>>> print(open('final-v2.pdb').read())   # PDB, C-alpha atoms and all ligand atoms
ATOM      1  CA  MET A 153     -21.599  -5.017 -47.267  1.00  0.00           C
ATOM      2  CA  HIS A 154     -19.627  -8.202 -47.973  1.00  0.00           C
ATOM      3  CA  PRO A 155     -21.073 -11.699 -47.608  1.00  0.00           C
ATOM      4  CA  ALA A 156     -20.705 -12.810 -43.967  1.00  0.00           C
ATOM      5  CA  PRO A 157     -17.755 -15.234 -44.481  1.00  0.00           C
ATOM      6  CA  ILE A 158     -15.717 -12.540 -46.224  1.00  0.00           C
ATOM      7  CA  GLN A 159     -16.572 -10.028 -43.540  1.00  0.00           C
ATOM      8  CA  ARG A 160     -15.435 -12.503 -40.908  1.00  0.00           C
ATOM      9  CA  LEU A 161     -12.106 -13.015 -42.674  1.00  0.00           C
ATOM     10  CA  ILE A 162     -11.599  -9.246 -42.956  1.00  0.00           C
ATOM     11  CA  THR A 163     -12.376  -8.814 -39.248  1.00  0.00           C
ATOM     12  CA  GLU A 164      -9.926 -11.577 -38.260  1.00  0.00           C
ATOM     13  CA  LEU A 165      -7.166 -10.232 -40.492  1.00  0.00           C
ATOM     14  CA  SER A 166      -7.639  -6.674 -39.247  1.00  0.00           C
ATOM     15  CA  ARG A 167      -6.787  -7.892 -35.721  1.00  0.00           C
ATOM     16  CA  LEU A 168      -3.230  -8.654 -36.839  1.00  0.00           C
ATOM     17  CA  PRO A 169      -0.646  -6.078 -35.769  1.00  0.00           C
ATOM     18  CA  GLY A 170      -0.032  -3.425 -38.397  1.00  0.00           C
ATOM     19  CA  VAL A 171      -2.991  -4.515 -40.522  1.00  0.00           C
ATOM     20  CA  GLY A 172      -5.638  -1.867 -40.931  1.00  0.00           C
ATOM     21  CA  GLN A 173      -9.139  -2.290 -42.346  1.00  0.00           C
ATOM     22  CA  ARG A 174      -8.012  -1.575 -45.900  1.00  0.00           C
ATOM     23  CA  THR A 175      -5.096  -3.996 -45.879  1.00  0.00           C
ATOM     24  CA  ALA A 176      -7.326  -6.633 -44.272  1.00  0.00           C
ATOM     25  CA  GLN A 177      -9.774  -6.205 -47.117  1.00  0.00           C
ATOM     26  CA  ARG A 178      -7.028  -6.470 -49.725  1.00  0.00           C
ATOM     27  CA  LEU A 179      -5.642  -9.624 -48.071  1.00  0.00           C
ATOM     28  CA  ALA A 180      -9.097 -11.163 -47.820  1.00  0.00           C
ATOM     29  CA  PHE A 181      -9.698 -10.685 -51.526  1.00  0.00           C
ATOM     30  CA  HIS A 182      -6.259 -12.058 -52.288  1.00  0.00           C
ATOM     31  CA  ILE A 183      -7.063 -15.186 -50.274  1.00  0.00           C
ATOM     32  CA  LEU A 184     -10.414 -15.454 -52.009  1.00  0.00           C
ATOM     33  CA  ARG A 185      -8.757 -15.361 -55.434  1.00  0.00           C
ATOM     34  CA  ALA A 186      -5.886 -17.686 -54.456  1.00  0.00           C
ATOM     35  CA  GLY A 187      -5.921 -21.377 -55.297  1.00  0.00           C
ATOM     36  CA  ASP A 188      -7.017 -23.921 -52.707  1.00  0.00           C
ATOM     37  CA  THR A 189      -3.431 -25.056 -52.022  1.00  0.00           C
ATOM     38  CA  GLU A 190      -2.254 -21.569 -51.158  1.00  0.00           C
ATOM     39  CA  ALA A 191      -5.303 -20.476 -49.189  1.00  0.00           C
ATOM     40  CA  LEU A 192      -5.770 -23.707 -47.252  1.00  0.00           C
ATOM     41  CA  GLY A 193      -1.991 -23.948 -46.758  1.00  0.00           C
ATOM     42  CA  LEU A 194      -2.202 -20.697 -44.803  1.00  0.00           C
ATOM     43  CA  ALA A 195      -5.111 -21.978 -42.727  1.00  0.00           C
ATOM     44  CA  GLU A 196      -3.257 -25.244 -42.074  1.00  0.00           C
ATOM     45  CA  ALA A 197      -0.046 -23.430 -41.080  1.00  0.00           C
ATOM     46  CA  ILE A 198      -1.982 -21.388 -38.519  1.00  0.00           C
ATOM     47  CA  ARG A 199      -3.650 -24.507 -37.140  1.00  0.00           C
ATOM     48  CA  GLU A 200      -0.348 -26.387 -36.945  1.00  0.00           C
ATOM     49  CA  VAL A 201       1.493 -23.594 -35.141  1.00  0.00           C
ATOM     50  CA  LYS A 202      -1.300 -23.391 -32.572  1.00  0.00           C
ATOM     51  CA  GLU A 203      -1.409 -27.162 -32.075  1.00  0.00           C
ATOM     52  CA  LYS A 204       2.291 -27.971 -32.038  1.00  0.00           C
ATOM     53  CA  VAL A 205       4.097 -24.978 -30.634  1.00  0.00           C
ATOM     54  CA  GLY A 206       3.893 -24.347 -26.930  1.00  0.00           C
ATOM     55  CA  LEU A 207       6.124 -22.853 -24.256  1.00  0.00           C
ATOM     56  CA  CYS A 208       9.288 -24.536 -22.983  1.00  0.00           C
ATOM     57  CA  GLU A 209       8.720 -25.879 -19.457  1.00  0.00           C
ATOM     58  CA  VAL A 210      12.087 -24.494 -18.333  1.00  0.00           C
ATOM     59  CA  CYS A 211      12.547 -21.104 -19.985  1.00  0.00           C
ATOM     60  CA  PHE A 212       9.114 -20.349 -21.567  1.00  0.00           C
ATOM     61  CA  ASN A 213      10.627 -19.812 -24.983  1.00  0.00           C
ATOM     62  CA  LEU A 214       8.645 -21.272 -27.889  1.00  0.00           C
ATOM     63  CA  ALA A 215       9.064 -25.016 -28.116  1.00  0.00           C
ATOM     64  CA  GLU A 216       7.876 -27.905 -30.217  1.00  0.00           C
ATOM     65  CA  GLY A 217       7.614 -30.390 -27.365  1.00  0.00           C
ATOM     66  CA  PRO A 218       8.215 -29.913 -23.624  1.00  0.00           C
ATOM     67  CA  ARG A 219      11.605 -28.195 -23.950  1.00  0.00           C
ATOM     68  CA  CYS A 220      12.987 -25.699 -26.445  1.00  0.00           C
ATOM     69  CA  ARG A 221      16.036 -26.419 -28.585  1.00  0.00           C
ATOM     70  CA  ILE A 222      18.244 -24.091 -26.546  1.00  0.00           C
ATOM     71  CA  CYS A 223      17.437 -25.782 -23.217  1.00  0.00           C
ATOM     72  CA  GLU A 224      18.048 -29.169 -24.812  1.00  0.00           C
ATOM     73  CA  ASP A 225      21.440 -28.150 -26.197  1.00  0.00           C
ATOM     74  CA  GLU A 226      24.034 -29.482 -23.756  1.00  0.00           C
ATOM     75  CA  ARG A 227      26.760 -27.248 -25.174  1.00  0.00           C
ATOM     76  CA  ARG A 228      25.021 -24.169 -23.789  1.00  0.00           C
ATOM     77  CA  ASP A 229      26.430 -22.619 -20.623  1.00  0.00           C
ATOM     78  CA  SER A 230      23.802 -23.301 -17.964  1.00  0.00           C
ATOM     79  CA  SER A 231      25.487 -21.021 -15.410  1.00  0.00           C
ATOM     80  CA  LEU A 232      24.276 -18.033 -17.432  1.00  0.00           C
ATOM     81  CA  ILE A 233      20.621 -17.019 -17.843  1.00  0.00           C
ATOM     82  CA  CYS A 234      19.507 -14.158 -20.067  1.00  0.00           C
ATOM     83  CA  VAL A 235      16.086 -12.732 -19.175  1.00  0.00           C
ATOM     84  CA  VAL A 236      14.009 -11.326 -22.034  1.00  0.00           C
ATOM     85  CA  GLU A 237      10.441 -10.126 -22.383  1.00  0.00           C
ATOM     86  CA  GLU A 238       9.212 -12.116 -25.379  1.00  0.00           C
ATOM     87  CA  PRO A 239      10.246 -15.204 -27.381  1.00  0.00           C
ATOM     88  CA  SER A 240      10.881 -12.847 -30.321  1.00  0.00           C
ATOM     89  CA  ASP A 241      13.717 -11.251 -28.284  1.00  0.00           C
ATOM     90  CA  VAL A 242      15.676 -14.520 -28.205  1.00  0.00           C
ATOM     91  CA  ILE A 243      16.255 -14.420 -31.963  1.00  0.00           C
ATOM     92  CA  PRO A 244      18.232 -11.137 -32.187  1.00  0.00           C
ATOM     93  CA  ILE A 245      20.403 -12.172 -29.213  1.00  0.00           C
ATOM     94  CA  GLU A 246      21.132 -15.521 -30.834  1.00  0.00           C
ATOM     95  CA  ARG A 247      22.003 -13.722 -34.064  1.00  0.00           C
ATOM     96  CA  THR A 248      24.778 -11.725 -32.365  1.00  0.00           C
ATOM     97  CA  GLY A 249      26.710 -14.955 -31.783  1.00  0.00           C
ATOM     98  CA  GLU A 250      27.910 -13.396 -28.498  1.00  0.00           C
ATOM     99  CA  TYR A 251      25.777 -15.424 -26.158  1.00  0.00           C
ATOM    100  CA  ARG A 252      26.128 -19.102 -25.203  1.00  0.00           C
ATOM    101  CA  GLY A 253      23.977 -19.257 -22.087  1.00  0.00           C
ATOM    102  CA  LEU A 254      20.333 -20.105 -21.530  1.00  0.00           C
ATOM    103  CA  TYR A 255      17.262 -17.856 -21.556  1.00  0.00           C
ATOM    104  CA  HIS A 256      14.242 -17.047 -19.454  1.00  0.00           C
ATOM    105  CA  VAL A 257      11.253 -15.515 -21.232  1.00  0.00           C
ATOM    106  CA  LEU A 258       9.042 -13.423 -18.939  1.00  0.00           C
ATOM    107  CA  GLY A 259       6.066 -13.122 -21.260  1.00  0.00           C
ATOM    108  CA  GLY A 260       5.972  -9.319 -21.098  1.00  0.00           C
ATOM    109  CA  ALA A 261       7.098  -6.425 -18.918  1.00  0.00           C
ATOM    110  CA  LEU A 262       5.742  -4.935 -15.724  1.00  0.00           C
ATOM    111  CA  SER A 263       3.228  -2.212 -16.458  1.00  0.00           C
ATOM    112  CA  PRO A 264       0.836  -1.384 -13.605  1.00  0.00           C
ATOM    113  CA  ILE A 265      -1.062   1.032 -15.889  1.00  0.00           C
ATOM    114  CA  ASP A 266      -1.911  -1.846 -18.213  1.00  0.00           C
ATOM    115  CA  GLY A 267      -2.563  -4.157 -15.285  1.00  0.00           C
ATOM    116  CA  VAL A 268       0.602  -6.234 -15.751  1.00  0.00           C
ATOM    117  CA  GLU A 269       1.782  -7.179 -12.261  1.00  0.00           C
ATOM    118  CA  PRO A 270       4.698  -9.441 -11.225  1.00  0.00           C
ATOM    119  CA  GLU A 271       2.383 -12.450 -10.929  1.00  0.00           C
ATOM    120  CA  ASP A 272       1.390 -12.059 -14.593  1.00  0.00           C
ATOM    121  CA  LEU A 273       4.977 -12.715 -15.696  1.00  0.00           C
ATOM    122  CA  LYS A 274       7.229 -15.766 -15.232  1.00  0.00           C
ATOM    123  CA  ILE A 275       9.076 -14.083 -12.351  1.00  0.00           C
ATOM    124  CA  THR A 276       8.415 -16.649  -9.616  1.00  0.00           C
ATOM    125  CA  GLN A 277       9.584 -19.296 -12.073  1.00  0.00           C
ATOM    126  CA  LEU A 278      12.809 -17.353 -12.681  1.00  0.00           C
ATOM    127  CA  LEU A 279      13.554 -16.969  -8.967  1.00  0.00           C
ATOM    128  CA  GLN A 280      12.841 -20.631  -8.400  1.00  0.00           C
ATOM    129  CA  ARG A 281      14.998 -21.630 -11.330  1.00  0.00           C
ATOM    130  CA  VAL A 282      17.949 -19.591 -10.059  1.00  0.00           C
ATOM    131  CA  ALA A 283      17.505 -20.935  -6.522  1.00  0.00           C
ATOM    132  CA  THR A 284      17.159 -24.591  -7.446  1.00  0.00           C
ATOM    133  CA  ALA A 285      19.305 -25.021 -10.574  1.00  0.00           C
ATOM    134  CA  ALA A 286      21.206 -28.343 -10.648  1.00  0.00           C
ATOM    135  CA  GLU A 287      24.263 -26.497 -11.945  1.00  0.00           C
ATOM    136  CA  PRO A 288      24.675 -23.234 -10.025  1.00  0.00           C
ATOM    137  CA  VAL A 289      23.726 -20.056 -11.879  1.00  0.00           C
ATOM    138  CA  HIS A 290      26.580 -17.526 -11.828  1.00  0.00           C
ATOM    139  CA  GLU A 291      25.041 -14.685 -13.743  1.00  0.00           C
ATOM    140  CA  VAL A 292      21.606 -13.438 -14.745  1.00  0.00           C
ATOM    141  CA  VAL A 293      21.622 -10.970 -17.641  1.00  0.00           C
ATOM    142  CA  LEU A 294      18.620  -8.647 -17.601  1.00  0.00           C
ATOM    143  CA  ALA A 295      17.900  -8.060 -21.286  1.00  0.00           C
ATOM    144  CA  THR A 296      14.458  -6.525 -21.042  1.00  0.00           C
ATOM    145  CA  ASN A 297      13.745  -3.785 -23.582  1.00  0.00           C
ATOM    146  CA  PRO A 298      15.243  -0.279 -23.131  1.00  0.00           C
ATOM    147  CA  THR A 299      11.744   1.123 -22.579  1.00  0.00           C
ATOM    148  CA  THR A 300      10.072   2.498 -19.439  1.00  0.00           C
ATOM    149  CA  THR A 301       8.384  -0.816 -18.696  1.00  0.00           C
ATOM    150  CA  GLY A 302      11.484  -2.823 -19.597  1.00  0.00           C
ATOM    151  CA  GLU A 303      13.667  -0.745 -17.255  1.00  0.00           C
ATOM    152  CA  ALA A 304      11.102  -1.009 -14.448  1.00  0.00           C
ATOM    153  CA  THR A 305      11.048  -4.774 -14.911  1.00  0.00           C
ATOM    154  CA  ALA A 306      14.857  -4.979 -14.821  1.00  0.00           C
ATOM    155  CA  LEU A 307      14.936  -2.970 -11.572  1.00  0.00           C
ATOM    156  CA  TYR A 308      12.298  -5.160  -9.995  1.00  0.00           C
ATOM    157  CA  LEU A 309      14.129  -8.343 -10.999  1.00  0.00           C
ATOM    158  CA  ALA A 310      17.509  -7.023  -9.826  1.00  0.00           C
ATOM    159  CA  ASP A 311      16.044  -6.296  -6.375  1.00  0.00           C
ATOM    160  CA  ALA A 312      14.295  -9.655  -6.129  1.00  0.00           C
ATOM    161  CA  LEU A 313      17.355 -11.595  -7.315  1.00  0.00           C
ATOM    162  CA  HIS A 314      19.774  -9.729  -5.029  1.00  0.00           C
ATOM    163  CA  ALA A 315      17.506 -10.419  -2.062  1.00  0.00           C
ATOM    164  CA  GLN A 316      17.130 -14.088  -2.877  1.00  0.00           C
ATOM    165  CA  SER A 317      20.507 -15.024  -4.348  1.00  0.00           C
ATOM    166  CA  PRO A 318      23.214 -12.577  -3.197  1.00  0.00           C
ATOM    167  CA  ASP A 319      25.972 -14.742  -4.736  1.00  0.00           C
ATOM    168  CA  VAL A 320      24.608 -14.469  -8.260  1.00  0.00           C
ATOM    169  CA  THR A 321      25.917 -11.628 -10.433  1.00  0.00           C
ATOM    170  CA  ILE A 322      23.093  -9.589 -11.961  1.00  0.00           C
ATOM    171  CA  THR A 323      23.932  -7.637 -15.110  1.00  0.00           C
ATOM    172  CA  ARG A 324      22.102  -5.293 -17.453  1.00  0.00           C
ATOM    173  CA  LEU A 325      22.835  -4.740 -21.139  1.00  0.00           C
ATOM    174  CA  ALA A 326      25.158  -1.777 -21.736  1.00  0.00           C
ATOM    175  CA  SER A 327      23.526   1.401 -22.944  1.00  0.00           C
ATOM    176  CA  GLY A 328      23.739   2.203 -26.625  1.00  0.00           C
ATOM    177  CA  LEU A 329      20.581   0.445 -27.652  1.00  0.00           C
ATOM    178  CA  PRO A 330      18.009   2.846 -29.090  1.00  0.00           C
ATOM    179  CA  VAL A 331      16.000   4.005 -26.053  1.00  0.00           C
ATOM    180  CA  GLY A 332      12.287   3.301 -26.209  1.00  0.00           C
ATOM    181  CA  SER A 333      12.543   0.606 -28.839  1.00  0.00           C
ATOM    182  CA  ASP A 334      12.280  -3.148 -28.673  1.00  0.00           C
ATOM    183  CA  LEU A 335      15.243  -5.489 -28.625  1.00  0.00           C
ATOM    184  CA  GLU A 336      13.897  -7.281 -31.658  1.00  0.00           C
ATOM    185  CA  TYR A 337      14.539  -4.192 -33.806  1.00  0.00           C
ATOM    186  CA  ALA A 338      18.133  -3.680 -32.650  1.00  0.00           C
ATOM    187  CA  ASP A 339      20.815  -4.560 -35.184  1.00  0.00           C
ATOM    188  CA  GLU A 340      23.107  -7.408 -34.206  1.00  0.00           C
ATOM    189  CA  VAL A 341      26.293  -5.329 -33.980  1.00  0.00           C
ATOM    190  CA  THR A 342      24.734  -2.869 -31.511  1.00  0.00           C
ATOM    191  CA  LEU A 343      23.118  -5.672 -29.566  1.00  0.00           C
ATOM    192  CA  GLY A 344      26.352  -7.668 -29.546  1.00  0.00           C
ATOM    193  CA  LYS A 345      28.186  -4.670 -28.092  1.00  0.00           C
ATOM    194  CA  ALA A 346      25.469  -4.121 -25.505  1.00  0.00           C
ATOM    195  CA  LEU A 347      25.838  -7.769 -24.461  1.00  0.00           C
ATOM    196  CA  ALA A 348      29.630  -7.730 -24.380  1.00  0.00           C
ATOM    197  CA  GLY A 349      29.609  -4.488 -22.351  1.00  0.00           C
ATOM    198  CA  ARG A 350      26.984  -5.579 -19.857  1.00  0.00           C
ATOM    199  CA  ARG A 351      27.552  -4.245 -16.356  1.00  0.00           C
ATOM    200  CA  ALA A 352      26.627  -5.431 -12.877  1.00  0.00           C
ATOM    201  CA  VAL A 353      23.534  -3.830 -11.342  1.00  0.00           C
TER     202      VAL A 353
HETATM  203 ZN    ZN A 401      13.799 -23.566 -22.971  1.00  0.00          ZN
END
>>> encode(input="final-v2.pdb", output="structure tokens")
Amino acid sequence: MHPAPIQRLITELSRLPGVGQRTAQRLAFHILRAGDTEALGLAEAIREVKEKVGLCEVCFNLAEGPRCRICEDERRDSSLICVVEEPSDVIPIERTGEYRGLYHVLGGALSPIDGVEPEDLKITQLLQRVATAAEPVHEVVLATNPTTTGEATALYLADALHAQSPDVTITRLASGLPVGSDLEYADEVTLGKALAGRRAV
């Protein structure tokens, strides 16, 4: 058995995605051997990210301050909103260079089995945003993941948006993305094509 502080570090590290017990142990011993600057730098970086990074009050993307950099960029096309599941999905879409609109981050996908209901996601906020936008929204792109839960979420949103805002075009990414995988793992060419070929739903 390890001394309690080491055990605690191993337990915390093993909670990280993709880190098993063995890797956690290896990392813990690496941290233990590392110099103060390196080890405490890691601790400080974790503290700083938790203290300074929050969610954008408009789109719920990650933001340092009340609004994210994309919402604050006046060159972006505010008549276009792309709906994604997680902040990590914004990055691959930005990388395609195909998209100049704004985003709306839901914070997950509908999954009744896991207890994720519409009220657990930023859906009300999306509907409100579309209904009350200062500059009218012309199109909402549903870019949830091509998974069962992502598709279910897109269907739900399409219905809700059609009912509320019949004048707004609702589109879904074209097929061609690897089914069952997350947007964040799609390569930019495939994702760029899926964006360019998006179709009304
Ligand atoms: Zn934002």
>>> residues_around(input="final-v2.pdb", residues="stretch 307-317 of chain A", least_positions_apart="6", cutoff="12 Å", atoms="only C-alpha atoms", output="ChimeraX atom specification")
/A:235-236,258,261-263,269-270,273-285,288-296,298,300-301,323-324,352-353
>>> atom_distance(input="final-v2.pdb", atom1="atom CA of A:Pro264", atom2="atom CA of A:Thr305")
10.8 Å
>>> residues_around(input="final-v2.pdb", residues="A:Val205", least_positions_apart="5", cutoff="10 Å", atoms="only C-alpha atoms", output="ChimeraX atom specification")
/A:200,214-218,220
>>> resolve_selection(input="final-v2.pdb", expression="the PyMOL selection byres (((chain A and resi 176) around 12) and not hetatm)", output="list in words")
Ile158, Gln159, Arg160, Leu161, Ile162, Thr163, Glu164, Leu165, Ser166, Arg167, Leu168, Pro169, Gly170, Val171, Gly172, Gln173, Arg174, Thr175, Gln177, Arg178, Leu179, Ala180, Phe181, His182 and Ile183 of chain A
>>> write_last_selection(input="final-v2.pdb", atoms="C-alpha atoms", output="compact mmCIF listing (two decimals), keeping the file's coordinate frame")
# COMPACT_ATOMS: atom_id res chain seq x y z
CA ILE A 158 -15.72 -12.54 -46.22
CA GLN A 159 -16.57 -10.03 -43.54
CA ARG A 160 -15.44 -12.50 -40.91
CA LEU A 161 -12.11 -13.02 -42.67
CA ILE A 162 -11.60 -9.25 -42.96
CA THR A 163 -12.38 -8.81 -39.25
CA GLU A 164 -9.93 -11.58 -38.26
CA LEU A 165 -7.17 -10.23 -40.49
CA SER A 166 -7.64 -6.67 -39.25
CA ARG A 167 -6.79 -7.89 -35.72
CA LEU A 168 -3.23 -8.65 -36.84
CA PRO A 169 -0.65 -6.08 -35.77
CA GLY A 170 -0.03 -3.42 -38.40
CA VAL A 171 -2.99 -4.51 -40.52
CA GLY A 172 -5.64 -1.87 -40.93
CA GLN A 173 -9.14 -2.29 -42.35
CA ARG A 174 -8.01 -1.58 -45.90
CA THR A 175 -5.10 -4.00 -45.88
CA GLN A 177 -9.77 -6.20 -47.12
CA ARG A 178 -7.03 -6.47 -49.72
CA LEU A 179 -5.64 -9.62 -48.07
CA ALA A 180 -9.10 -11.16 -47.82
CA PHE A 181 -9.70 -10.68 -51.53
CA HIS A 182 -6.26 -12.06 -52.29
CA ILE A 183 -7.06 -15.19 -50.27
>>> closest_residue(input="final-v2.pdb", among="A:Asp229, A:Glu203, A:Asp339, A:Glu224", to="ligand ZN 401 (chain A)", atoms="all atoms listed in the file")
A:Glu224
>>> resolve_selection(input="final-v2.pdb", expression="the PyMOL selection byres (((not hetatm)) within 10 of (chain A and resi 401))", output="MDAnalysis selection string")
chainID A and resid 207:215 218:225 254:257
>>> closest_residue(input="final-v2.pdb", among="A:Val201, A:Val268, A:Ala346, A:Leu335", to="A:Val242", atoms="only C-alpha atoms")
A:Leu335
>>> atom_distance(input="final-v2.pdb", atom1="atom CA of A:Ala286", atom2="atom CA of A:Leu232")
12.7 Å
>>> closest_residue(input="final-v2.pdb", among="A:Glu237, A:Gly259, A:Gly253, A:Ala348", to="A:Glu303", atoms="all atoms listed in the file")
A:Glu237
>>> residues_near_point(input="final-v2.pdb", point="(15.8, 4.2, -23.8)", cutoff="9 Å", atoms="all atoms listed in the file", output="VMD selection string")
chain A and resid 297 to 300 303 327 to 333
>>> atom_distance(input="final-v2.pdb", atom1="atom CA of A:Asp334", atom2="atom CA of A:Glu271")
22.3 Å
>>> resolve_selection(input="final-v2.pdb", expression="the PyMOL selection byres (((chain A and resi 336) around 8) and not hetatm)", output="VMD selection string")
chain A and resid 240 to 241 243 to 244 334 to 335 337 to 338
>>> write_last_selection(input="final-v2.pdb", atoms="C-alpha atoms", output="PDB file, in the coordinates of the input")
ATOM      1  CA  SER A 240      10.881 -12.847 -30.321  1.00  0.00           C
ATOM      2  CA  ASP A 241      13.717 -11.251 -28.284  1.00  0.00           C
ATOM      3  CA  ILE A 243      16.255 -14.420 -31.963  1.00  0.00           C
ATOM      4  CA  PRO A 244      18.232 -11.137 -32.187  1.00  0.00           C
ATOM      5  CA  ASP A 334      12.280  -3.148 -28.673  1.00  0.00           C
ATOM      6  CA  LEU A 335      15.243  -5.489 -28.625  1.00  0.00           C
ATOM      7  CA  TYR A 337      14.539  -4.192 -33.806  1.00  0.00           C
ATOM      8  CA  ALA A 338      18.133  -3.680 -32.650  1.00  0.00           C
TER       9      ALA A 338
END
>>> closest_residue(input="final-v2.pdb", among="A:Ile198, A:Ala306, A:Leu184, A:Gly193", to="A:Pro157", atoms="all atoms listed in the file")
A:Leu184
